[in-house]
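The next block is start_11.pdb, given as PDB, C-alpha atoms.
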ATOM      1  CA  MET A  11     -47.871  -3.014 -11.898
ATOM      2  CA  THR A  12     -45.994  -6.262 -11.649
ATOM      3  CA  ALA A  13     -45.961  -8.865 -14.385
ATOM      4  CA  PRO A  14     -48.561 -11.599 -13.827
ATOM      5  CA  VAL A  15     -47.372 -15.130 -13.249
ATOM      6  CA  LYS A  16     -48.319 -17.484 -16.055
ATOM      7  CA  GLU A  17     -50.725 -20.225 -15.150
ATOM      8  CA  GLY A  18     -49.612 -23.809 -15.536
ATOM      9  CA  VAL A  19     -46.000 -23.116 -14.512
ATOM     10  CA  LEU A  20     -44.960 -24.998 -11.400
ATOM     11  CA  ALA A  21     -43.998 -22.590  -8.611
ATOM     12  CA  VAL A  22     -41.259 -24.012  -6.393
ATOM     13  CA  PRO A  23     -41.781 -23.129  -2.704
ATOM     14  CA  LEU A  24     -38.891 -21.548  -0.832
ATOM     15  CA  PHE A  25     -38.495 -24.660   1.379
ATOM     16  CA  TRP A  26     -37.870 -26.925  -1.600
ATOM     17  CA  ARG A  27     -35.485 -24.417  -3.185
ATOM     18  CA  ILE A  28     -33.310 -24.428  -0.053
ATOM     19  CA  PHE A  29     -33.616 -28.207   0.214
ATOM     20  CA  ALA A  30     -32.498 -28.582  -3.405
ATOM     21  CA  LEU A  31     -29.470 -26.338  -2.877
ATOM     22  CA  ASN A  32     -28.342 -28.351   0.129
ATOM     23  CA  ALA A  33     -29.069 -31.617  -1.702
ATOM     24  CA  VAL A  34     -26.762 -30.581  -4.533
ATOM     25  CA  VAL A  35     -23.929 -29.950  -2.081
ATOM     26  CA  LEU A  36     -24.485 -33.190  -0.187
ATOM     27  CA  ALA A  37     -24.818 -35.248  -3.367
ATOM     28  CA  SER A  38     -21.584 -33.772  -4.719
ATOM     29  CA  ALA A  39     -19.796 -34.605  -1.467
ATOM     30  CA  THR A  40     -21.152 -38.164  -1.512
ATOM     31  CA  ALA A  41     -20.031 -38.674  -5.101
ATOM     32  CA  LEU A  42     -16.532 -37.496  -4.226
ATOM     33  CA  LEU A  43     -16.365 -39.906  -1.306
ATOM     34  CA  LEU A  44     -17.587 -42.796  -3.443
ATOM     35  CA  TRP A  45     -15.252 -42.349  -6.382
ATOM     36  CA  ALA A  46     -12.315 -40.463  -4.971
ATOM     37  CA  PRO A  47      -9.217 -42.589  -4.201
ATOM     38  CA  VAL A  48      -9.358 -41.688  -0.528
ATOM     39  CA  THR A  49      -9.529 -44.076   2.444
ATOM     40  CA  VAL A  50      -9.935 -43.371   6.143
ATOM     41  CA  SER A  51      -7.752 -45.298   8.568
ATOM     42  CA  VAL A  52      -8.337 -46.064  12.219
ATOM     43  CA  PRO A  53      -6.864 -44.119  13.832
ATOM     44  CA  VAL A  54      -7.189 -41.301  11.282
ATOM     45  CA  LEU A  55      -3.939 -40.221   9.723
ATOM     46  CA  PHE A  56      -2.998 -36.550   9.595
ATOM     47  CA  THR A  57      -3.170 -36.352   5.788
ATOM     48  CA  GLU A  58      -6.597 -38.028   5.795
ATOM     49  CA  ALA A  59      -7.851 -35.562   8.420
ATOM     50  CA  VAL A  60      -6.598 -32.682   6.289
ATOM     51  CA  VAL A  61      -8.465 -34.048   3.260
ATOM     52  CA  LEU A  62     -11.683 -34.516   5.244
ATOM     53  CA  VAL A  63     -11.538 -31.070   6.850
ATOM     54  CA  GLY A  64     -10.738 -29.507   3.492
ATOM     55  CA  GLY A  65     -13.705 -31.272   1.922
ATOM     56  CA  MET A  66     -15.978 -30.063   4.704
ATOM     57  CA  VAL A  67     -14.769 -26.486   4.232
ATOM     58  CA  VAL A  68     -15.391 -26.741   0.488
ATOM     59  CA  MET A  69     -18.931 -28.025   1.145
ATOM     60  CA  LEU A  70     -19.673 -25.220   3.609
ATOM     61  CA  VAL A  71     -18.384 -22.555   1.226
ATOM     62  CA  ALA A  72     -20.336 -24.018  -1.696
ATOM     63  CA  ASN A  73     -23.470 -24.219   0.440
ATOM     64  CA  ALA A  74     -23.036 -20.612   1.600
ATOM     65  CA  VAL A  75     -22.569 -19.387  -1.971
ATOM     66  CA  LEU A  76     -25.618 -21.256  -3.243
ATOM     67  CA  LEU A  77     -27.801 -20.043  -0.365
ATOM     68  CA  HIS A  78     -26.608 -16.475  -0.887
ATOM     69  CA  VAL A  79     -27.591 -16.644  -4.544
ATOM     70  CA  GLY A  80     -30.892 -18.321  -3.778
ATOM     71  CA  LEU A  81     -31.892 -15.922  -0.998
ATOM     72  CA  ALA A  82     -30.605 -12.709  -2.627
ATOM     73  CA  PRO A  83     -34.155 -11.661  -3.675
ATOM     74  CA  LEU A  84     -35.220 -11.832  -0.037
ATOM     75  CA  ASP A  85     -32.323  -9.597   0.959
ATOM     76  CA  ARG A  86     -33.366  -7.032  -1.661
ATOM     77  CA  LEU A  87     -36.951  -7.253  -0.438
ATOM     78  CA  SER A  88     -35.868  -6.712   3.173
ATOM     79  CA  ARG A  89     -33.804  -3.647   2.268
ATOM     80  CA  ARG A  90     -36.645  -2.171   0.240
ATOM     81  CA  MET A  91     -39.123  -2.768   3.059
ATOM     82  CA  ALA A  92     -36.808  -0.931   5.462
ATOM     83  CA  THR A  93     -36.339   2.126   3.214
ATOM     84  CA  VAL A  94     -39.586   2.463   1.253
ATOM     85  CA  ASP A  95     -41.259   5.886   1.434
ATOM     86  CA  LEU A  96     -44.816   6.321   0.172
ATOM     87  CA  LEU A  97     -44.070   9.975  -0.607
ATOM     88  CA  ARG A  98     -41.636   8.756  -3.280
ATOM     89  CA  PRO A  99     -43.877   6.545  -5.430
ATOM     90  CA  GLY A 100     -42.695   4.024  -7.986
ATOM     91  CA  GLN A 101     -40.214   2.151  -5.789
ATOM     92  CA  ARG A 102     -40.598  -1.400  -7.063
ATOM     93  CA  LEU A 103     -38.467  -4.527  -7.073
ATOM     94  CA  PRO A 104     -37.840  -6.486 -10.292
ATOM     95  CA  VAL A 105     -39.622  -9.822 -10.468
ATOM     96  CA  ALA A 106     -37.486 -12.628 -11.896
ATOM     97  CA  GLY A 107     -38.710 -16.183 -12.266
ATOM     98  CA  ARG A 108     -41.960 -17.677 -11.114
ATOM     99  CA  GLY A 109     -41.119 -19.286  -7.787
ATOM    100  CA  GLY A 110     -42.291 -18.593  -4.260
ATOM    101  CA  VAL A 111     -39.894 -15.665  -3.818
ATOM    102  CA  SER A 112     -41.163 -14.107  -7.036
ATOM    103  CA  HIS A 113     -44.733 -14.412  -5.754
ATOM    104  CA  LEU A 114     -43.678 -12.701  -2.539
ATOM    105  CA  ILE A 115     -41.989  -9.817  -4.394
ATOM    106  CA  SER A 116     -45.006  -9.445  -6.683
ATOM    107  CA  ALA A 117     -47.300  -9.297  -3.660
ATOM    108  CA  PHE A 118     -45.048  -6.664  -2.063
ATOM    109  CA  ASN A 119     -45.084  -4.542  -5.239
ATOM    110  CA  ASP A 120     -48.879  -4.810  -5.441
ATOM    111  CA  MET A 121     -49.160  -3.842  -1.772
ATOM    112  CA  LEU A 122     -47.006  -0.752  -2.406
ATOM    113  CA  ALA A 123     -49.239   0.245  -5.313
ATOM    114  CA  ARG A 124     -52.345  -0.037  -3.123
ATOM    115  CA  LEU A 125     -50.739   1.873  -0.255
ATOM    116  CA  GLU A 126     -49.599   4.662  -2.594
ATOM    117  CA  ALA A 127     -53.107   4.967  -4.038
ATOM    118  CA  GLU A 128     -54.654   5.040  -0.567
ATOM    119  CA  ARG A 129     -52.077   7.558   0.651
ATOM    120  CA  ALA A 130     -52.757   9.824  -2.328
ATOM    121  CA  ALA A 131     -56.523   9.630  -1.754
ATOM    122  CA  SER A 132     -56.242  10.335   1.976
ATOM    123  CA  SER A 133     -53.797  13.197   1.346
ATOM    124  CA  THR A 134     -56.212  14.708  -1.146
ATOM    125  CA  ARG A 135     -59.024  14.640   1.396
ATOM    126  CA  ALA A 136     -56.816  15.995   4.189
ATOM    127  CA  LEU A 137     -55.336  18.822   2.129
ATOM    128  CA  SER A 138     -58.747  19.765   0.719
ATOM    129  CA  ALA A 139     -60.091  20.005   4.262
ATOM    130  CA  GLN A 140     -57.024  22.026   5.233
ATOM    131  CA  GLU A 141     -57.559  24.506   2.414
ATOM    132  CA  ALA A 142     -61.227  24.859   3.342
ATOM    133  CA  GLU A 143     -60.247  25.577   6.941
ATOM    134  CA  ARG A 144     -57.658  28.104   5.761
ATOM    135  CA  ARG A 145     -60.351  29.919   3.765
ATOM    136  CA  ARG A 146     -62.696  29.950   6.757
ATOM    137  CA  ILE A 147     -60.063  31.324   9.136
ATOM    138  CA  ALA A 148     -58.906  33.907   6.573
ATOM    139  CA  GLN A 149     -62.490  35.036   6.073
ATOM    140  CA  GLU A 150     -63.018  35.402   9.811
ATOM    141  CA  LEU A 151     -59.755  37.312  10.195
ATOM    142  CA  HIS A 152     -60.771  39.659   7.417
ATOM    143  CA  ASP A 153     -64.400  40.117   8.382
ATOM    144  CA  GLU A 154     -64.317  39.931  12.178
ATOM    145  CA  VAL A 155     -60.849  40.812  13.459
ATOM    146  CA  GLY A 156     -60.004  43.154  10.596
ATOM    147  CA  GLN A 157     -63.222  45.111  10.873
ATOM    148  CA  SER A 158     -62.925  45.304  14.665
ATOM    149  CA  LEU A 159     -59.393  46.673  14.433
ATOM    150  CA  THR A 160     -60.520  49.147  11.783
ATOM    151  CA  ALA A 161     -63.279  50.361  14.096
ATOM    152  CA  VAL A 162     -60.795  50.711  16.985
ATOM    153  CA  LEU A 163     -58.426  52.658  14.756
ATOM    154  CA  LEU A 164     -61.168  55.093  13.719
ATOM    155  CA  GLU A 165     -62.186  55.617  17.351
ATOM    156  CA  LEU A 166     -58.591  56.338  18.300
ATOM    157  CA  ILE A 167     -58.301  58.866  15.492
ATOM    158  CA  ARG A 168     -61.507  60.657  16.594
ATOM    159  CA  ALA A 169     -60.407  60.575  20.229
ATOM    160  CA  ALA A 170     -57.030  62.086  19.351
ATOM    161  CA  GLU A 171     -58.777  64.929  17.512
ATOM    162  CA  ARG A 172     -60.969  65.752  20.563
ATOM    163  CA  VAL A 173     -58.378  65.847  23.321
ATOM    164  CA  ASP A 174     -56.390  68.962  24.190
ATOM    165  CA  ASP A 175     -53.694  67.366  26.318
ATOM    166  CA  ALA A 176     -50.522  66.995  24.224
ATOM    167  CA  ASP A 177     -49.202  63.986  26.164
ATOM    168  CA  LEU A 178     -52.505  62.144  25.874
ATOM    169  CA  ARG A 179     -52.663  62.962  22.175
ATOM    170  CA  THR A 180     -49.174  61.492  21.758
ATOM    171  CA  ASP A 181     -50.239  58.310  23.557
ATOM    172  CA  LEU A 182     -53.285  58.047  21.312
ATOM    173  CA  HIS A 183     -51.098  58.423  18.235
ATOM    174  CA  HIS A 184     -48.895  55.586  19.484
ATOM    175  CA  ALA A 185     -52.002  53.471  20.001
ATOM    176  CA  GLN A 186     -53.091  54.299  16.465
ATOM    177  CA  GLU A 187     -49.793  53.120  15.044
ATOM    178  CA  THR A 188     -49.916  49.919  17.063
ATOM    179  CA  THR A 189     -53.461  49.239  15.917
ATOM    180  CA  ARG A 190     -52.564  50.002  12.300
ATOM    181  CA  GLU A 191     -49.599  47.596  12.455
ATOM    182  CA  SER A 192     -51.819  44.920  13.980
ATOM    183  CA  LEU A 193     -54.365  45.472  11.234
ATOM    184  CA  ASP A 194     -51.676  45.109   8.569
ATOM    185  CA  GLU A 195     -50.435  41.913  10.221
ATOM    186  CA  VAL A 196     -53.948  40.457  10.300
ATOM    187  CA  ARG A 197     -54.407  41.255   6.623
ATOM    188  CA  ARG A 198     -51.030  39.696   5.814
ATOM    189  CA  LEU A 199     -51.962  36.524   7.705
ATOM    190  CA  ALA A 200     -55.264  36.386   5.868
ATOM    191  CA  ARG A 201     -53.479  36.683   2.525
ATOM    192  CA  ARG A 202     -51.139  33.830   3.458
ATOM    193  CA  LEU A 203     -54.017  31.627   4.505
ATOM    194  CA  ARG A 204     -56.127  32.410   1.440
ATOM    195  CA  PRO A 205     -54.202  33.693  -1.593
ATOM    196  CA  GLY A 206     -56.890  35.890  -3.104
ATOM    197  CA  VAL A 207     -54.417  37.154  -5.703
ATOM    198  CA  LEU A 208     -54.109  33.587  -7.018
ATOM    199  CA  GLU A 209     -57.845  33.355  -7.591
ATOM    200  CA  ASP A 210     -58.211  36.857  -9.003
ATOM    201  CA  LEU A 211     -55.042  37.494 -11.029
ATOM    202  CA  GLY A 212     -53.446  34.094 -11.615
ATOM    203  CA  LEU A 213     -50.343  32.170 -10.593
ATOM    204  CA  VAL A 214     -47.616  34.544 -11.802
ATOM    205  CA  SER A 215     -49.144  37.555 -10.054
ATOM    206  CA  ALA A 216     -49.651  35.510  -6.890
ATOM    207  CA  LEU A 217     -46.013  34.355  -6.854
ATOM    208  CA  THR A 218     -44.828  37.907  -7.489
ATOM    209  CA  ALA A 219     -46.904  39.201  -4.588
ATOM    210  CA  LEU A 220     -45.638  36.339  -2.412
ATOM    211  CA  ALA A 221     -41.981  37.121  -3.165
ATOM    212  CA  THR A 222     -42.515  40.844  -2.546
ATOM    213  CA  ASP A 223     -44.314  40.197   0.728
ATOM    214  CA  TRP A 224     -41.607  37.846   2.041
ATOM    215  CA  SER A 225     -38.838  40.204   0.980
ATOM    216  CA  THR A 226     -40.512  43.071   2.827
ATOM    217  CA  HIS A 227     -41.120  41.207   6.076
ATOM    218  CA  THR A 228     -37.953  39.075   6.278
ATOM    219  CA  GLY A 229     -35.310  41.315   4.711
ATOM    220  CA  LEU A 230     -34.316  38.583   2.245
ATOM    221  CA  ALA A 231     -33.227  39.634  -1.231
ATOM    222  CA  ILE A 232     -35.691  37.598  -3.301
ATOM    223  CA  LEU A 233     -35.102  37.561  -7.061
ATOM    224  CA  HIS A 234     -37.834  36.081  -9.209
ATOM    225  CA  GLU A 235     -37.911  35.095 -12.851
ATOM    226  CA  PHE A 236     -41.181  33.872 -14.328
ATOM    227  CA  GLN A 237     -41.231  32.765 -17.960
ATOM    228  CA  PRO A 238     -44.069  34.391 -19.911
ATOM    229  CA  GLY A 239     -46.703  32.404 -21.750
ATOM    230  CA  LEU A 240     -47.370  29.919 -18.948
ATOM    231  CA  PRO A 241     -49.709  27.133 -20.159
ATOM    232  CA  ALA A 242     -53.184  26.985 -18.711
ATOM    233  CA  LEU A 243     -53.193  25.053 -15.433
ATOM    234  CA  ASP A 244     -56.136  23.847 -13.417
ATOM    235  CA  GLU A 245     -56.969  25.412 -10.065
ATOM    236  CA  GLN A 246     -55.515  22.577  -7.993
ATOM    237  CA  THR A 247     -52.191  22.605  -9.850
ATOM    238  CA  GLU A 248     -51.812  26.362  -9.432
ATOM    239  CA  LEU A 249     -52.576  26.039  -5.728
ATOM    240  CA  VAL A 250     -49.994  23.260  -5.329
ATOM    241  CA  ILE A 251     -47.288  25.341  -7.043
ATOM    242  CA  TYR A 252     -48.165  28.367  -4.912
ATOM    243  CA  ARG A 253     -48.161  26.403  -1.638
ATOM    244  CA  VAL A 254     -44.836  24.720  -2.455
ATOM    245  CA  ALA A 255     -43.305  28.137  -3.188
ATOM    246  CA  GLN A 256     -44.781  29.506   0.030
ATOM    247  CA  GLU A 257     -43.445  26.604   2.123
ATOM    248  CA  GLY A 258     -40.070  26.808   0.389
ATOM    249  CA  LEU A 259     -39.699  30.493   1.260
ATOM    250  CA  THR A 260     -40.858  29.762   4.811
ATOM    251  CA  ASN A 261     -38.146  27.121   5.227
ATOM    252  CA  VAL A 262     -35.505  29.499   3.893
ATOM    253  CA  ALA A 263     -36.573  32.276   6.269
ATOM    254  CA  ARG A 264     -36.684  29.967   9.308
ATOM    255  CA  HIS A 265     -33.791  27.565   8.829
ATOM    256  CA  ALA A 266     -31.438  28.500   5.977
ATOM    257  CA  ASP A 267     -29.728  31.576   7.454
ATOM    258  CA  ALA A 268     -29.651  32.918   3.894
ATOM    259  CA  GLY A 269     -29.452  36.430   2.522
ATOM    260  CA  ARG A 270     -30.508  35.820  -1.070
ATOM    261  CA  VAL A 271     -33.186  33.648  -2.662
ATOM    262  CA  GLU A 272     -33.927  32.955  -6.318
ATOM    263  CA  ILE A 273     -37.331  31.703  -7.392
ATOM    264  CA  SER A 274     -38.152  30.834 -10.985
ATOM    265  CA  LEU A 275     -41.076  29.384 -12.896
ATOM    266  CA  GLN A 276     -40.340  27.842 -16.295
ATOM    267  CA  HIS A 277     -42.175  25.616 -18.755
ATOM    268  CA  GLY A 278     -40.994  23.369 -21.553
ATOM    269  CA  GLY A 279     -40.518  19.722 -22.392
ATOM    270  CA  GLY A 280     -44.012  18.868 -21.211
ATOM    271  CA  VAL A 281     -43.504  20.143 -17.646
ATOM    272  CA  VAL A 282     -43.834  23.282 -15.575
ATOM    273  CA  SER A 283     -40.895  23.654 -13.196
ATOM    274  CA  LEU A 284     -40.708  25.704 -10.034
ATOM    275  CA  ARG A 285     -37.212  26.215  -8.607
ATOM    276  CA  ILE A 286     -36.198  27.860  -5.334
ATOM    277  CA  ARG A 287     -32.508  28.444  -4.577
ATOM    278  CA  ASP A 288     -30.852  30.092  -1.585
ATOM    279  CA  ASP A 289     -27.310  30.873  -0.475
ATOM    280  CA  GLY A 290     -27.763  29.572   3.063
ATOM    281  CA  ARG A 291     -26.201  26.667   4.904
ATOM    282  CA  GLY A 292     -27.898  23.968   2.831
ATOM    283  CA  LEU A 293     -29.726  20.836   3.864
ATOM    284  CA  GLY A 294     -26.799  19.085   5.543
ATOM    285  CA  LEU A 295     -27.633  15.817   7.275
ATOM    286  CA  ALA A 296     -30.919  17.036   8.727
ATOM    287  CA  HIS A 297     -33.946  14.819   8.321
ATOM    288  CA  GLU A 298     -36.887  16.019   6.292
ATOM    289  CA  GLY A 299     -39.286  17.914   8.504
ATOM    290  CA  ALA A 300     -43.027  18.405   8.317
ATOM    291  CA  GLY A 301     -42.639  21.280   5.860
ATOM    292  CA  ILE A 302     -40.749  19.286   3.219
ATOM    293  CA  ARG A 303     -42.962  16.224   3.639
ATOM    294  CA  GLY A 304     -45.976  18.488   3.284
ATOM    295  CA  MET A 305     -44.558  19.731  -0.020
ATOM    296  CA  ARG A 306     -44.094  16.128  -1.168
ATOM    297  CA  GLU A 307     -47.702  15.328  -0.309
ATOM    298  CA  ARG A 308     -48.923  18.308  -2.287
ATOM    299  CA  ALA A 309     -46.742  17.318  -5.232
ATOM    300  CA  LEU A 310     -48.358  13.866  -5.268
ATOM    301  CA  LEU A 311     -51.791  15.456  -5.661
ATOM    302  CA  VAL A 312     -50.936  16.608  -9.194
ATOM    303  CA  GLY A 313     -48.554  13.804 -10.150
ATOM    304  CA  ALA A 314     -45.524  16.071  -9.732
ATOM    305  CA  THR A 315     -42.069  15.224  -8.430
ATOM    306  CA  LEU A 316     -40.203  17.196  -5.774
ATOM    307  CA  ASP A 317     -36.409  17.055  -5.687
ATOM    308  CA  LEU A 318     -34.096  18.534  -3.082
ATOM    309  CA  GLY A 319     -30.458  19.286  -3.780
ATOM    310  CA  VAL A 320     -27.585  21.705  -3.402
ATOM    311  CA  SER A 321     -27.690  25.042  -5.192
ATOM    312  CA  PRO A 322     -24.660  26.418  -7.076
ATOM    313  CA  THR A 323     -24.115  28.856  -4.201
ATOM    314  CA  GLY A 324     -23.907  26.031  -1.654
ATOM    315  CA  GLY A 325     -27.372  26.455  -0.195
ATOM    316  CA  ALA A 326     -30.489  24.377  -0.738
ATOM    317  CA  GLU A 327     -32.399  23.962  -3.983
ATOM    318  CA  VAL A 328     -36.007  22.821  -4.353
ATOM    319  CA  ASN A 329     -37.307  21.704  -7.748
ATOM    320  CA  LEU A 330     -40.962  20.952  -8.405
ATOM    321  CA  LEU A 331     -41.706  19.358 -11.790
ATOM    322  CA  VAL A 332     -45.388  19.319 -12.775
ATOM    323  CA  PRO A 333     -46.356  17.322 -15.886
ATOM    324  CA  LEU A 334     -48.573  19.204 -18.284
ATOM    325  CA  ASP A 335     -50.419  16.196 -19.712
ATOM    326  CA  ARG A 336     -52.706  15.977 -16.661
ATOM    327  CA  ASN A 337     -53.884  19.502 -17.439
ATOM    328  CA  GLY A 338     -54.860  18.596 -20.954
ATOM    329  CA  THR A 339     -52.166  20.755 -22.575
TER     330      THR A 339
END

Could I get this structure in the form of structure tokens?
Amino acid sequence: MTAPVKEGVLAVPLFWRIFALNAVVLASATALLLWAPVTVSVPVLFTEAVVLVGGMVVMLVANAVLLHVGLAPLDRLSRRMATVDLLRPGQRLPVAGRGGVSHLISAFNDMLARLEAERAASSTRALSAQEAERRRIAQELHDEVGQSLTAVLLELIRAAERVDDADLRTDLHHAQETTRESLDEVRRLARRLRPGVLEDLGLVSALTALATDWSTHTGLAILHEFQPGLPALDEQTELVIYRVAQEGLTNVARHADAGRVEISLQHGGGVVSLRIRDDGRGLGLAHEGAGIRGMRERALLVGATLDLGVSPTGGAEVNLLVPLDRNGT
């Protein structure tokens, strides 16, 4: 929050501040003309013209310097307005003085605070609806598609046992394998949409299963290190950490061209930290995509910070820092 302006202090509007700066320059020039031992002849002599032009240059430079100093807060405000990102909260401008520019900066800071609060609230609603839809789709995949594929697989097995033709039996066996692979894929998709392990066995087991699953299906060498004795976290915080890890591994598999990934979960100093490192080609100059911005939105839900950097191996590094005080620990 910005510092309130004290009542009873005269606030100078921006117009009068600029007028005062110009008045100082003009008054100084007038005083020099009145008391300086300089006269202007008709026609103007060369030396007199040099003095007059030099005085004008001095006035213009002084006026430019004073205006630059006076309008510097507006320049800072303009730059901040052009670069502000609501997914990186806390970007505020210092408020100095109690004039019109200070009121403007204070209003801008207050507007940012309101927008950040509204963005956090809307993101909470959107992500909650998204998780509910994920659960619904995962349930339908498990109950409807999964059961249908299981029934097809059993029929294929019984049909293969009844036929005598060797070629047809071979074709049925191929169909069985295809159906079994499809069933495994449906179950894997359902687990990604709704991490049942997270609800049943906790965060560490869910992250372990996630790393194992990604290593199996992508061929990445995923090394994980999870510090024991993790403090108790609420359900939303655990889900945020899991989803950030899931999105981080997805980005590595799709874009990093990496062969090795390290994922760690540590706690200490009042925070729980999730770190994902890879040995791929790094972030480079690419703009943040929907995946990274989605991770930032999830981090905001639990008051966490998400930092992107370069890993010691030259690839990308993602660090999620979750404060423990919001969990009552």

Can you list what the PyMOL selection byres ((chain A and resi 198-205) around 10) grabs from this structure, as number ranges by chain?
A: 141-152, 156, 192-197, 206-210, 213, 216-217, 219-220, 223, 249, 252-253, 256

Atom-to-atom span, CA of Gln237 in chain A and CA of Pro333 in chain A, Å:
16.4 Å

Write out as an mmCIF file with C-alpha atoms, in the frame of the given file the residues lying within 8 Å of Leu330 in chain A, counting all atoms listed in the file and excluding same-chain residues fewer than 4 positions away.
data_model
loop_
_atom_site.group_PDB
_atom_site.id
_atom_site.type_symbol
_atom_site.label_atom_id
_atom_site.label_comp_id
_atom_site.auth_asym_id
_atom_site.auth_seq_id
_atom_site.Cartn_x
_atom_site.Cartn_y
_atom_site.Cartn_z
ATOM 1 C CA ILE A 251 -47.288 25.341 -7.043
ATOM 2 C CA SER A 283 -40.895 23.654 -13.196
ATOM 3 C CA LEU A 284 -40.708 25.704 -10.034
ATOM 4 C CA ARG A 285 -37.212 26.215 -8.607
ATOM 5 C CA ALA A 309 -46.742 17.318 -5.232
ATOM 6 C CA ALA A 314 -45.524 16.071 -9.732
ATOM 7 C CA THR A 315 -42.069 15.224 -8.430
ATOM 8 C CA LEU A 316 -40.203 17.196 -5.774
ATOM 9 C CA ASP A 317 -36.409 17.055 -5.687
#

What does the distance between CA of Gly292 in chain A and CA of Gly279 in chain A come to in Å, to one decimal place?
28.5 Å

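Residues in contact range of range 224-235 of chain A, defined as at most 7 Å between all atoms listed in the file, with sequence neighbours fewer than 6 positions away removed, read Ala263, Gly269, Arg270, Val271, Glu272, Ile273, Ser274 and Leu275 of chain A.
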
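Each of A:Leu70, A:Val173, A:Ala131, A:Ala161 was compared to Arg308 in chain A using all atoms listed in the file, and A:Ala131 turns out to be the nearest.
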
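CA of Ala326 in chain A sits 24.8 Å away from CA of Gln101 in chain A.
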
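With all atoms listed in the file as the atoms that count, the minimum distance from Gly278 in chain A to the choices A:Asp335, A:Asp153, A:Asp120, A:Glu128 is reached by A:Asp335.
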
Using only C-alpha atoms, which protein or nucleic acid residues come within 12 Å of Thr134 in chain A? Drop anything in the same chain fewer than 6 positions from it, and give the result as an mmCIF file with C-alpha atoms, in the frame of the given file.
data_model
loop_
_atom_site.group_PDB
_atom_site.id
_atom_site.type_symbol
_atom_site.label_atom_id
_atom_site.label_comp_id
_atom_site.auth_asym_id
_atom_site.auth_seq_id
_atom_site.Cartn_x
_atom_site.Cartn_y
_atom_site.Cartn_z
ATOM 1 C CA ALA A 127 -53.107 4.967 -4.038
ATOM 2 C CA GLU A 128 -54.654 5.040 -0.567
ATOM 3 C CA GLN A 140 -57.024 22.026 5.233
ATOM 4 C CA GLU A 141 -57.559 24.506 2.414
ATOM 5 C CA GLN A 246 -55.515 22.577 -7.993
ATOM 6 C CA VAL A 250 -49.994 23.260 -5.329
ATOM 7 C CA GLY A 304 -45.976 18.488 3.284
ATOM 8 C CA GLU A 307 -47.702 15.328 -0.309
ATOM 9 C CA ARG A 308 -48.923 18.308 -2.287
ATOM 10 C CA ALA A 309 -46.742 17.318 -5.232
ATOM 11 C CA LEU A 310 -48.358 13.866 -5.268
ATOM 12 C CA LEU A 311 -51.791 15.456 -5.661
ATOM 13 C CA VAL A 312 -50.936 16.608 -9.194
ATOM 14 C CA GLY A 313 -48.554 13.804 -10.150
#

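With all atoms listed in the file as the atoms that count, the minimum distance from Leu76 in chain A to the choices A:Leu62, A:Asn119, A:Ala33, A:Arg90 is reached by A:Ala33.
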
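Near range 163-167 of chain A, within 9 Å and counting only C-alpha atoms, sit A:Ser158, A:Leu159, A:Thr160, A:Ala161, A:Ala169, A:Ala170, A:Glu171, A:Arg172, A:Leu182, A:His183, A:Ala185, A:Gln186, A:Glu187, A:Thr189, A:Arg190, A:Leu193, not including residues fewer than 2 positions from it in the same chain.
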